[in-house]
file run_18.txt (compact mmCIF, C-alpha atoms and all ligand atoms)
# COMPACT_ATOMS: atom_id res chain seq x y z
CA MET D 1 -181.92 71.42 -66.00
CA TYR D 2 -183.79 73.89 -68.21
CA LYS D 3 -187.54 74.14 -67.55
CA LYS D 4 -190.43 73.45 -69.92
CA ILE D 5 -192.25 76.58 -71.02
CA SER D 6 -195.92 77.36 -71.25
CA LEU D 7 -197.32 79.67 -73.96
CA MET D 8 -200.78 80.60 -75.24
CA ASP D 9 -199.42 79.51 -78.62
CA LYS D 10 -199.51 75.75 -78.15
CA GLU D 11 -197.91 74.90 -81.48
CA ILE D 12 -194.74 76.86 -80.69
CA GLU D 13 -194.83 75.74 -77.03
CA ASN D 14 -194.93 72.15 -78.22
CA ALA D 15 -192.00 72.58 -80.62
CA ILE D 16 -189.87 74.33 -77.98
CA ASN D 17 -190.60 71.72 -75.32
CA LYS D 18 -189.87 68.92 -77.76
CA GLU D 19 -186.57 70.63 -78.55
CA LEU D 20 -185.83 70.79 -74.81
CA PHE D 21 -186.42 67.04 -74.59
CA ARG D 22 -184.20 66.48 -77.67
CA GLN D 23 -181.39 68.55 -76.16
CA GLU D 24 -181.58 66.58 -72.92
CA GLU D 25 -181.82 63.13 -74.49
CA HIS D 26 -179.09 63.60 -77.08
CA ILE D 27 -175.36 63.78 -76.75
CA GLU D 28 -174.34 67.00 -78.44
CA LEU D 29 -171.04 66.89 -80.30
CA ILE D 30 -171.57 69.70 -82.81
CA ALA D 31 -168.40 71.71 -82.23
CA SER D 32 -170.16 75.07 -82.62
CA GLU D 33 -172.88 74.42 -80.03
CA ASN D 34 -173.05 74.73 -76.27
CA TYR D 35 -175.53 75.03 -73.37
CA VAL D 36 -175.92 78.53 -71.95
CA SER D 37 -176.66 79.07 -68.26
CA GLU D 38 -180.21 79.92 -67.18
CA ASP D 39 -179.02 83.47 -66.45
CA VAL D 40 -177.95 83.87 -70.08
CA LEU D 41 -181.22 82.32 -71.18
CA MET D 42 -183.27 84.70 -69.04
CA ALA D 43 -181.42 87.79 -70.22
CA THR D 44 -181.83 86.67 -73.83
CA GLY D 45 -185.55 86.05 -73.32
CA SER D 46 -186.07 89.40 -71.57
CA ILE D 47 -188.18 92.47 -72.34
CA LEU D 48 -185.12 94.09 -73.87
CA THR D 49 -186.41 92.67 -77.15
CA ASN D 50 -189.03 95.48 -77.07
CA LYS D 51 -186.53 98.31 -77.31
CA TYR D 52 -185.22 100.14 -80.36
CA GLY D 53 -181.89 101.95 -80.13
CA GLU D 54 -180.08 102.42 -83.43
CA GLY D 55 -176.65 103.88 -82.78
CA TYR D 56 -174.29 103.36 -79.85
CA PRO D 57 -174.45 104.09 -76.07
CA GLY D 58 -174.95 107.82 -75.53
CA LYS D 59 -175.54 108.39 -79.30
CA ARG D 60 -178.89 106.84 -80.16
CA TYR D 61 -181.51 107.75 -82.72
CA TYR D 62 -184.24 106.96 -80.15
CA ASP D 63 -185.11 108.13 -76.65
CA GLY D 64 -185.53 105.97 -73.56
CA CYS D 65 -182.21 104.23 -74.06
CA GLU D 66 -180.71 104.74 -70.58
CA ASN D 67 -181.13 101.09 -69.55
CA VAL D 68 -180.07 99.51 -72.82
CA ASP D 69 -177.10 101.90 -72.81
CA ALA D 70 -176.10 100.43 -69.45
CA VAL D 71 -176.45 96.89 -70.81
CA GLU D 72 -174.44 97.56 -73.96
CA THR D 73 -171.73 99.46 -72.05
CA LEU D 74 -171.35 96.58 -69.58
CA ALA D 75 -171.10 94.11 -72.48
CA ILE D 76 -168.41 96.22 -74.15
CA GLU D 77 -166.38 96.76 -70.96
CA ARG D 78 -166.52 93.08 -69.99
CA LEU D 79 -165.47 92.00 -73.47
CA LYS D 80 -162.56 94.46 -73.48
CA LYS D 81 -161.43 93.06 -70.15
CA ILE D 82 -161.66 89.42 -71.28
CA PHE D 83 -159.47 89.89 -74.35
CA ASN D 84 -157.49 92.93 -73.24
CA VAL D 85 -158.49 95.10 -76.21
CA LYS D 86 -159.23 98.81 -76.52
CA TYR D 87 -162.31 98.77 -78.76
CA ALA D 88 -165.20 96.32 -78.99
CA ASN D 89 -168.48 96.21 -80.89
CA VAL D 90 -171.05 93.84 -79.39
CA GLN D 91 -173.88 94.50 -81.85
CA PRO D 92 -173.22 91.98 -84.65
CA TYR D 93 -176.29 89.77 -85.07
CA SER D 94 -174.05 86.82 -85.91
CA GLY D 95 -170.49 85.81 -86.68
CA SER D 96 -171.28 86.27 -90.36
CA THR D 97 -172.37 89.90 -90.06
CA ALA D 98 -169.36 90.55 -87.80
CA ASN D 99 -167.14 89.28 -90.61
CA ALA D 100 -169.01 91.28 -93.25
CA ALA D 101 -168.52 94.52 -91.30
CA ALA D 102 -164.91 93.76 -90.38
CA ILE D 103 -163.92 92.96 -93.97
CA ALA D 104 -165.72 96.06 -95.26
CA ALA D 105 -163.82 98.18 -92.71
CA LEU D 106 -160.49 96.93 -94.07
CA VAL D 107 -161.00 96.30 -97.79
CA GLU D 108 -162.64 98.29 -100.59
CA PRO D 109 -165.25 96.48 -102.71
CA ASN D 110 -163.50 94.23 -105.24
CA GLY D 111 -160.29 94.29 -103.17
CA LYS D 112 -158.36 91.07 -102.61
CA ILE D 113 -158.98 88.82 -99.62
CA MET D 114 -157.22 85.55 -98.78
CA GLY D 115 -158.67 83.00 -96.37
CA MET D 116 -158.59 79.25 -95.90
CA SER D 117 -160.74 77.16 -98.26
CA LEU D 118 -163.96 75.65 -96.95
CA SER D 119 -162.73 72.10 -97.55
CA SER D 120 -159.60 72.73 -95.46
CA GLY D 121 -161.71 74.03 -92.57
CA GLY D 122 -162.33 77.71 -93.40
CA HIS D 123 -165.70 79.47 -93.12
CA LEU D 124 -168.11 80.59 -95.85
CA THR D 125 -167.46 84.24 -94.94
CA HIS D 126 -163.73 83.86 -95.61
CA GLY D 127 -164.20 84.06 -99.38
CA TYR D 128 -166.44 81.19 -100.48
CA ASN D 129 -167.86 81.80 -103.95
CA VAL D 130 -171.58 81.80 -103.06
CA ASN D 131 -171.05 84.02 -99.99
CA PHE D 132 -170.88 87.85 -99.98
CA SER D 133 -167.14 87.48 -99.32
CA GLY D 134 -166.60 85.65 -102.59
CA ARG D 135 -169.01 87.87 -104.57
CA PHE D 136 -168.06 91.39 -103.53
CA TYR D 137 -164.31 90.78 -103.17
CA GLN D 138 -161.69 89.01 -105.25
CA SER D 139 -161.18 85.98 -103.11
CA PHE D 140 -158.24 83.58 -102.99
CA SER D 141 -157.77 80.63 -100.71
CA TYR D 142 -154.98 78.74 -99.05
CA ASP D 143 -155.23 75.12 -97.93
CA VAL D 144 -153.78 72.92 -95.24
CA ASP D 145 -150.91 70.67 -96.37
CA GLU D 146 -151.00 66.90 -96.96
CA ASN D 147 -150.79 66.33 -93.18
CA GLY D 148 -153.80 68.55 -92.56
CA LEU D 149 -151.65 71.31 -91.05
CA LEU D 150 -151.20 75.01 -91.76
CA ASN D 151 -147.99 75.41 -93.71
CA TYR D 152 -146.80 78.98 -93.16
CA ASP D 153 -144.18 78.81 -95.95
CA ASN D 154 -146.85 77.83 -98.47
CA ILE D 155 -149.17 80.57 -97.20
CA LEU D 156 -146.39 83.18 -97.51
CA LYS D 157 -145.62 81.99 -101.05
CA LEU D 158 -149.26 82.33 -102.07
CA ALA D 159 -149.57 85.72 -100.37
CA LYS D 160 -146.55 86.97 -102.31
CA GLU D 161 -148.17 85.90 -105.59
CA ILE D 162 -151.59 87.32 -104.79
CA LYS D 163 -150.70 90.41 -102.77
CA PRO D 164 -154.01 90.42 -100.88
CA ASP D 165 -155.37 93.47 -99.08
CA LEU D 166 -156.50 91.20 -96.24
CA ILE D 167 -155.44 87.82 -94.88
CA ILE D 168 -157.95 85.93 -92.74
CA CYS D 169 -156.96 83.30 -90.19
CA GLY D 170 -159.12 81.44 -87.67
CA TYR D 171 -161.32 78.54 -88.77
CA SER D 172 -164.41 76.35 -88.43
CA ALA D 173 -162.69 72.98 -88.49
CA TYR D 174 -159.00 73.21 -87.69
CA SER D 175 -157.89 71.26 -84.65
CA ARG D 176 -154.38 72.67 -84.19
CA GLU D 177 -152.99 75.77 -82.50
CA ILE D 178 -152.81 78.79 -84.82
CA ASP D 179 -149.55 80.76 -84.86
CA PHE D 180 -150.91 84.32 -85.06
CA LYS D 181 -147.39 85.80 -84.94
CA LYS D 182 -146.47 83.95 -88.12
CA PHE D 183 -149.63 85.26 -89.79
CA ARG D 184 -148.65 88.81 -88.77
CA GLU D 185 -145.23 88.34 -90.34
CA ILE D 186 -146.80 87.09 -93.58
CA ALA D 187 -149.27 89.98 -93.65
CA ASP D 188 -146.45 92.49 -93.02
CA GLU D 189 -144.33 91.00 -95.75
CA VAL D 190 -147.05 91.59 -98.38
CA GLY D 191 -148.57 94.76 -96.86
CA ALA D 192 -151.91 93.15 -95.96
CA PHE D 193 -154.25 93.62 -93.02
CA LEU D 194 -154.72 90.60 -90.77
CA MET D 195 -158.09 89.50 -89.46
CA ALA D 196 -158.40 86.70 -86.89
CA ASP D 197 -161.81 85.04 -86.78
CA ILE D 198 -161.77 83.29 -83.40
CA ALA D 199 -165.43 82.18 -83.56
CA HIS D 200 -164.55 78.65 -82.48
CA ILE D 201 -161.67 79.12 -80.07
CA ALA D 202 -162.73 82.38 -78.37
CA GLY D 203 -163.49 80.66 -75.04
CA LEU D 204 -160.14 78.88 -75.08
CA ILE D 205 -158.31 82.15 -75.79
CA ALA D 206 -160.32 83.95 -73.09
CA ALA D 207 -159.17 81.33 -70.58
CA GLY D 208 -155.54 81.46 -71.71
CA MET D 209 -155.73 77.95 -73.17
CA HIS D 210 -154.89 79.07 -76.72
CA SER D 211 -152.52 81.87 -77.72
CA SER D 212 -154.22 85.22 -78.34
CA PRO D 213 -154.22 87.11 -81.65
CA VAL D 214 -154.64 90.47 -79.90
CA GLU D 215 -151.02 91.52 -80.30
CA TYR D 216 -150.97 90.54 -83.97
CA ALA D 217 -154.31 90.95 -85.75
CA ASP D 218 -155.67 94.31 -86.95
CA VAL D 219 -159.18 93.07 -86.28
CA ILE D 220 -160.60 90.12 -84.34
CA THR D 221 -164.08 88.77 -84.95
CA SER D 222 -165.95 86.02 -83.15
CA THR D 223 -169.24 84.39 -82.41
CA THR D 224 -170.39 84.38 -78.78
CA HIS D 225 -172.21 81.04 -78.64
CA LYS D 226 -169.53 78.41 -79.19
CA THR D 227 -166.72 77.87 -76.67
CA LEU D 228 -167.55 81.30 -75.20
CA ARG D 229 -170.90 79.76 -74.08
CA GLY D 230 -172.97 82.94 -74.48
CA ALA D 231 -176.12 84.07 -76.25
CA ARG D 232 -176.07 83.63 -80.02
CA GLY D 233 -174.38 86.50 -81.86
CA GLY D 234 -171.15 88.13 -82.99
CA ILE D 235 -168.49 90.56 -81.75
CA ILE D 236 -165.66 92.59 -83.30
CA MET D 237 -162.54 93.85 -81.51
CA THR D 238 -159.52 95.96 -82.38
CA ASN D 239 -156.81 98.07 -80.78
CA ASN D 240 -156.79 100.57 -83.66
CA GLU D 241 -159.03 103.60 -83.08
CA GLU D 242 -159.43 104.50 -86.73
CA ILE D 243 -160.37 100.94 -87.67
CA SER D 244 -162.78 100.76 -84.72
CA LYS D 245 -164.65 103.80 -86.04
CA LYS D 246 -164.97 102.19 -89.47
CA ILE D 247 -166.19 98.95 -87.89
CA ASP D 248 -168.85 100.78 -85.88
CA ARG D 249 -170.06 102.54 -89.03
CA TRP D 250 -170.12 99.31 -91.02
CA ILE D 251 -172.21 97.58 -88.36
CA PHE D 252 -174.61 100.51 -88.16
CA PRO D 253 -175.69 101.99 -90.53
CA GLY D 254 -173.64 99.79 -92.89
CA TYR D 255 -174.98 96.25 -92.51
CA GLN D 256 -177.38 96.25 -89.58
CA GLY D 257 -180.30 98.15 -88.12
CA GLY D 258 -181.40 98.29 -84.47
CA PRO D 259 -179.25 96.36 -81.99
CA LEU D 260 -180.74 93.18 -80.47
CA PHE D 261 -180.53 94.32 -76.85
CA HIS D 262 -181.89 91.04 -75.45
CA SER D 263 -179.07 89.28 -77.23
CA ILE D 264 -176.49 91.85 -76.11
CA ALA D 265 -177.68 91.30 -72.51
CA GLY D 266 -177.26 87.54 -72.99
CA LYS D 267 -173.73 88.18 -74.25
CA ALA D 268 -172.96 90.47 -71.28
CA VAL D 269 -174.11 87.89 -68.73
CA ALA D 270 -171.97 85.24 -70.43
CA PHE D 271 -168.94 87.59 -70.52
CA ASN D 272 -169.27 87.97 -66.76
CA GLU D 273 -169.22 84.18 -66.45
CA VAL D 274 -166.15 84.01 -68.69
CA LEU D 275 -164.37 86.38 -66.29
CA GLN D 276 -164.90 84.00 -63.34
CA PRO D 277 -162.33 81.39 -62.22
CA PHE D 278 -164.69 78.52 -63.09
CA PHE D 279 -164.47 79.36 -66.77
CA LYS D 280 -160.72 78.69 -66.81
CA ILE D 281 -161.34 75.23 -65.41
CA TYR D 282 -164.06 74.68 -68.00
CA ALA D 283 -161.78 75.63 -70.91
CA LYS D 284 -158.99 73.43 -69.58
CA ASN D 285 -161.40 70.50 -69.33
CA ILE D 286 -162.67 71.05 -72.88
CA ILE D 287 -159.16 70.50 -74.25
CA LYS D 288 -158.31 67.63 -71.90
CA ASN D 289 -161.51 65.90 -73.01
CA SER D 290 -160.91 66.59 -76.68
CA LYS D 291 -157.45 65.01 -76.51
CA ALA D 292 -158.74 61.94 -74.63
CA PHE D 293 -161.63 61.60 -77.14
CA SER D 294 -159.39 61.76 -80.22
CA ASN D 295 -156.71 59.51 -78.66
CA GLN D 296 -159.34 56.87 -78.01
CA PHE D 297 -160.42 56.94 -81.67
CA GLN D 298 -156.81 56.56 -82.70
CA LYS D 299 -156.60 53.42 -80.58
CA TYR D 300 -159.26 52.04 -82.95
CA ASN D 301 -157.08 53.08 -85.95
CA VAL D 302 -159.50 55.84 -86.90
CA ILE D 303 -158.00 58.58 -89.10
CA ILE D 304 -158.10 62.04 -87.49
CA ILE D 305 -157.30 65.00 -89.77
CA SER D 306 -153.92 66.50 -88.72
CA GLY D 307 -153.37 63.48 -86.46
CA GLY D 308 -154.96 64.90 -83.30
CA THR D 309 -156.17 68.04 -81.59
CA ASP D 310 -154.98 71.01 -79.54
CA ASN D 311 -158.43 72.53 -79.09
CA HIS D 312 -162.11 71.64 -78.63
CA LEU D 313 -162.64 69.83 -81.92
CA PHE D 314 -161.31 67.38 -84.49
CA THR D 315 -162.45 65.89 -87.78
CA ILE D 316 -162.57 62.17 -88.52
CA ASN D 317 -162.00 60.91 -92.04
CA VAL D 318 -164.95 58.49 -92.05
CA LYS D 319 -164.43 57.57 -95.70
CA GLN D 320 -161.03 56.10 -95.00
CA SER D 321 -161.84 54.83 -91.52
CA TYR D 322 -165.28 53.26 -92.08
CA ASN D 323 -165.96 53.52 -95.83
CA LEU D 324 -168.87 55.85 -95.08
CA THR D 325 -169.56 59.39 -96.27
CA GLY D 326 -169.90 62.13 -93.65
CA LYS D 327 -173.60 62.29 -94.43
CA GLU D 328 -174.04 58.56 -93.83
CA ALA D 329 -171.98 58.61 -90.62
CA SER D 330 -173.86 61.56 -89.13
CA SER D 331 -177.25 59.99 -89.87
CA ILE D 332 -176.18 56.67 -88.33
CA LEU D 333 -175.13 58.53 -85.16
CA GLN D 334 -178.40 60.48 -85.17
CA LYS D 335 -180.20 57.12 -84.93
CA ILE D 336 -178.48 56.48 -81.58
CA ASN D 337 -179.08 60.02 -80.24
CA ILE D 338 -175.62 61.41 -80.95
CA THR D 339 -175.57 64.68 -82.89
CA VAL D 340 -172.52 65.53 -85.00
CA ASN D 341 -172.11 67.35 -88.28
CA LYS D 342 -170.78 66.10 -91.57
CA ASN D 343 -167.71 68.04 -92.60
CA THR D 344 -165.47 68.28 -95.64
CA ILE D 345 -161.89 67.08 -95.24
CA PRO D 346 -158.83 68.53 -97.03
CA ASN D 347 -159.04 67.77 -100.79
CA ASP D 348 -162.45 66.20 -100.31
CA THR D 349 -163.81 64.47 -103.40
CA GLN D 350 -167.37 64.73 -102.05
CA SER D 351 -169.55 67.87 -102.10
CA PRO D 352 -170.18 69.89 -98.89
CA PHE D 353 -173.63 68.19 -98.76
CA ILE D 354 -172.11 64.70 -98.66
CA THR D 355 -168.48 65.09 -97.40
CA SER D 356 -165.94 62.47 -96.30
CA GLY D 357 -165.70 63.56 -92.68
CA ILE D 358 -167.51 64.27 -89.44
CA ARG D 359 -166.48 67.01 -87.03
CA LEU D 360 -166.68 66.33 -83.29
CA GLY D 361 -166.43 68.90 -80.50
CA THR D 362 -166.27 68.62 -76.71
CA ALA D 363 -167.44 72.09 -75.57
CA ALA D 364 -171.11 71.22 -75.07
CA MET D 365 -170.75 67.88 -73.26
CA THR D 366 -167.96 69.31 -71.09
CA SER D 367 -170.55 71.89 -69.96
CA ARG D 368 -172.77 68.96 -68.91
CA GLY D 369 -169.93 67.53 -66.84
CA PHE D 370 -168.42 64.88 -69.11
CA SER D 371 -164.82 64.03 -68.21
CA GLU D 372 -162.17 62.07 -70.11
CA ASN D 373 -163.75 58.80 -68.97
CA GLU D 374 -167.16 59.59 -70.52
CA PHE D 375 -165.50 60.72 -73.76
CA LYS D 376 -163.60 57.42 -73.96
CA ILE D 377 -166.87 55.52 -73.51
CA LEU D 378 -168.43 57.73 -76.18
CA ALA D 379 -165.60 57.05 -78.66
CA ASN D 380 -166.24 53.36 -78.16
CA ILE D 381 -169.98 53.77 -78.77
CA ILE D 382 -169.41 55.83 -81.94
CA ASN D 383 -166.83 53.38 -83.26
CA GLU D 384 -169.17 50.43 -82.62
CA ALA D 385 -172.09 52.20 -84.30
CA LEU D 386 -170.14 53.12 -87.43
CA ILE D 387 -168.73 49.60 -87.78
CA ASN D 388 -172.04 47.83 -87.08
CA HIS D 389 -174.37 50.33 -88.75
CA LYS D 390 -176.31 47.62 -90.58
CA ASP D 391 -177.15 45.79 -87.33
CA ASP D 392 -180.36 47.33 -85.99
CA ASN D 393 -180.22 45.41 -82.71
CA LYS D 394 -176.72 46.66 -82.03
CA LEU D 395 -177.79 50.25 -82.79
CA GLU D 396 -180.74 49.89 -80.43
CA GLU D 397 -178.42 48.64 -77.68
CA LEU D 398 -176.03 51.56 -78.26
CA LYS D 399 -178.89 54.05 -78.23
CA LEU D 400 -179.87 52.86 -74.75
CA LYS D 401 -176.32 53.37 -73.56
CA VAL D 402 -176.31 56.91 -75.01
CA LYS D 403 -179.59 57.76 -73.29
CA GLU D 404 -178.29 56.47 -69.97
CA LEU D 405 -175.15 58.55 -70.33
CA ALA D 406 -177.12 61.67 -71.33
CA ASN D 407 -179.51 61.26 -68.40
CA LYS D 408 -176.62 60.92 -65.96
CA PHE D 409 -175.37 64.36 -67.07
CA PRO D 410 -178.36 66.72 -67.28
CA ILE D 411 -177.99 70.21 -68.71
CA LYS D 412 -176.92 72.54 -65.89
CA LYS D 413 -178.80 75.60 -64.65
CA SER D 414 -175.69 77.46 -63.63
CA TYR D 415 -171.93 77.09 -63.76
CA TRP D 416 -171.13 79.34 -60.81
CA ASN D 417 -170.66 76.52 -58.31
CA GLU D 418 -168.29 74.49 -60.47
CA LYS D 419 -164.90 73.63 -59.10
C1 LIG O 501 -164.94 80.52 -88.05
C2 LIG O 501 -166.37 80.97 -88.12
N1 LIG O 501 -166.64 82.25 -88.42
C3 LIG O 501 -167.91 82.71 -88.50
C4 LIG O 501 -168.98 81.89 -88.27
C5 LIG O 501 -170.35 82.42 -88.48
O1 LIG O 501 -171.12 82.50 -87.37
P1 LIG O 501 -172.72 82.65 -87.47
O2 LIG O 501 -173.24 81.29 -87.77
O3 LIG O 501 -173.10 83.19 -86.15
O4 LIG O 501 -173.01 83.61 -88.59
C6 LIG O 501 -168.75 80.55 -87.92
C7 LIG O 501 -169.91 79.68 -87.65
O5 LIG O 501 -169.89 78.53 -87.60
C8 LIG O 501 -167.42 80.08 -87.87
O6 LIG O 501 -167.14 78.80 -87.60

call {"tool": "encode", "arguments": {"input": "run_18.txt", "output": "structure tokens", "more": "lines below"}}
Ligand SMILES: Cc1ncc(COP(=O)(O)O)c(C=O)c1O
result
Amino acid sequence: MYKKISLMDKEIENAINKELFRQEEHIELIASENYVSEDVLMATGSILTNKYGEGYPGKRYYDGCENVDAVETLAIERLKKIFNVKYANVQPYSGSTANAAAIAALVEPNGKIMGMSLSSGGHLTHGYNVNFSGRFYQSFSYDVDENGLLNYDNILKLAKEIKPDLIICGYSAYSREIDFKKFREIADEVGAFLMADIAHIAGLIAAGMHSSPVEYADVITSTTHKTLRGARGGIIMTNNEEISKKIDRWIFPGYQGGPLFHSIAGKAVAFNEVLQPFFKIYAKNIIKNSKAFSNQFQKYNVIIISGGTDNHLFTINVKQSYNLTGKEASSILQKINITVNKNTIPNDTQSPFITSGIRLGTAAMTSRGFSENEFKILANIINEALINHKDDNKLEELKLKVKELANKFPIKKSYWNEK
């Protein structure tokens, strides 16, 4: 279990300790969240935050960088080993800045990019109109088909019409395996670069539980804090030396300033954990749990987008299943200490602030030790809550069950002893 902290600043101390209590008492199903080990936490909270070091190991604009050089080099080498790539940049402050730098390295301003729409499960940085990617580039989007699946023939057809400079695959809310080879073929057919944003599935790929884009994509971007279970941030990888140089320049001095060495250390510690045998077991369990969780919902005739899951997440159509919006469903679940996020569904008639779906993920609670059995119990609790949401007594009873379950599976200090 994480420890409470003590600060001279009592207001911040209070907020952090209340957040610790919230994290322990709630069941966390936000697909993009996880619980880092105490080692990752300590590295991230270390004195490395004091150090400036614009540039890259061995080529800094500041002196006194010998120790942060060692940290950044270890992070890079470990990351290269995990994904079997030649070049890696571990400095991106987030997945979004990783994407900004990667796109800039491949496409001139006002060039054409093609990613999946937000409502189908894409990310803001894949060309959404209010994001940099939709403002500084001509952006076009593909959608999933009527079954909620990627349709490679439709994507090829659209790519032939648009002739994009860059195709982006990899998503925020897509529960099925991605065929990176097919994306490569499409990109080759229209002369486009291919970028794979593996922010969500990076941990699964690292463990060999999802196919890898390394052979196929020109550039791979990711976050480090989702299934990869590391400190918050981004990464960029490639096997192309020329592209790697452009990426490095677009991170610094292009989009960022001094590297966040505390965060890079937190990433490095997590990468070392990813390289251990226990991480493979973890990733396997995430998927096993996700399948059991979604199957249980289907037993209650709940509509899952794409009909199931191959990874750590899935989206429920709550409009059709419970006549609730995503916003309503997520706030009902919040009342019983279950945290999920509202999510658009393909062809959603509701805005991204309301939505018709909720997205559920198993990475975080698998870290706390949940197995298929606990996820089946949880599906039952969620189903009961969404059906009986007007019955306060019922919600109170379910909340007690959730608290009991959460308390039985405290947040872990370390994952090294897991079998
Ligand atoms: C597919 C994808 N790419 C990029 C990001 C952006 O990551 P960050 O929030 O760290 O900027 C996310 C975050 O949810 C994501 O799902």

call {"tool": "closest_residue", "arguments": {"input": "run_18.txt", "among": "D:Thr125, D:Lys412, D:Phe261, D:Val318", "to": "Thr49 of chain D", "atoms": "only C-alpha atoms"}}
result
D:Phe261

call {"tool": "atom_distance", "arguments": {"input": "run_18.txt", "atom1": "atom CA of Pro259 of chain D", "atom2": "atom CA of Pro92 of chain D"}}
result
7.9 Å

call {"tool": "residues_near_ligand", "arguments": {"input": "run_18.txt", "ligand": "ligand LIG 501 (chain O)", "cutoff": "9 Å", "atoms": "only C-alpha atoms and all ligand atoms", "output": "MDAnalysis selection string"}}
result
chainID D and resid 31:32 92:99 121:126 169:173 197:201 221:226 232:234

call {"tool": "closest_residue", "arguments": {"input": "run_18.txt", "among": "D:Ser294, D:Ser212, D:Thr355, D:Ser133", "to": "Asn84 of chain D", "atoms": "only C-alpha atoms"}}
result
D:Ser212

call {"tool": "residues_around", "arguments": {"input": "run_18.txt", "residues": "segment 330-344 of chain D", "least_positions_apart": "2", "cutoff": "7 Å", "atoms": "only C-alpha atoms", "output": "list of chain:residue names"}}
result
D:His26, D:Ile27, D:Glu28, D:Leu29, D:Ile30, D:Ser119, D:Gly326, D:Lys327, D:Glu328, D:Pro346, D:Asp348, D:Pro352, D:Thr355, D:Ser356, D:Gly357, D:Ile358, D:Arg359, D:Leu360, D:His389, D:Leu395, D:Leu398, D:Lys399, D:Val402

call {"tool": "atom_distance", "arguments": {"input": "run_18.txt", "atom1": "atom CA of Tyr300 of chain D", "atom2": "atom CA of Ala385 of chain D"}}
result
12.9 Å

call {"tool": "atom_distance", "arguments": {"input": "run_18.txt", "atom1": "atom CA of Glu54 of chain D", "atom2": "atom CA of Val68 of chain D"}}
result
11.0 Å

call {"tool": "closest_residue", "arguments": {"input": "run_18.txt", "among": "D:Asp165, D:Asp69, D:Asp392, D:Glu273", "to": "Gly115 of chain D", "atoms": "only C-alpha atoms"}}
result
D:Asp165

call {"tool": "residues_around", "arguments": {"input": "run_18.txt", "residues": "Asn373 of chain D", "least_positions_apart": "4", "cutoff": "9 Å", "atoms": "only C-alpha atoms", "output": "VMD selection string"}}
result
chain D and resid 289 292 to 293 377 to 378

call {"tool": "residues_near_point", "arguments": {"input": "run_18.txt", "point": "(-190.7, 95.2, -74.9)", "cutoff": "12 Å", "atoms": "only C-alpha atoms", "output": "MDAnalysis selection string"}}
result
chainID D and resid 45:52 68 260:262

call {"tool": "closest_residue", "arguments": {"input": "run_18.txt", "among": "D:Tyr152, D:Tyr35, D:Tyr62, D:Phe21", "to": "Ile411 of chain D", "atoms": "only C-alpha atoms"}}
result
D:Tyr35

call {"tool": "closest_residue", "arguments": {"input": "run_18.txt", "among": "D:Asn311, D:Ser371, D:Gln256, D:Ser141", "to": "Gly208 of chain D", "atoms": "all atoms listed in the file"}}
result
D:Asn311

call {"tool": "closest_residue", "arguments": {"input": "run_18.txt", "among": "D:Tyr142, D:Phe180, D:Tyr56, D:Phe271", "to": "Glu161 of chain D", "atoms": "all atoms listed in the file"}}
result
D:Tyr142
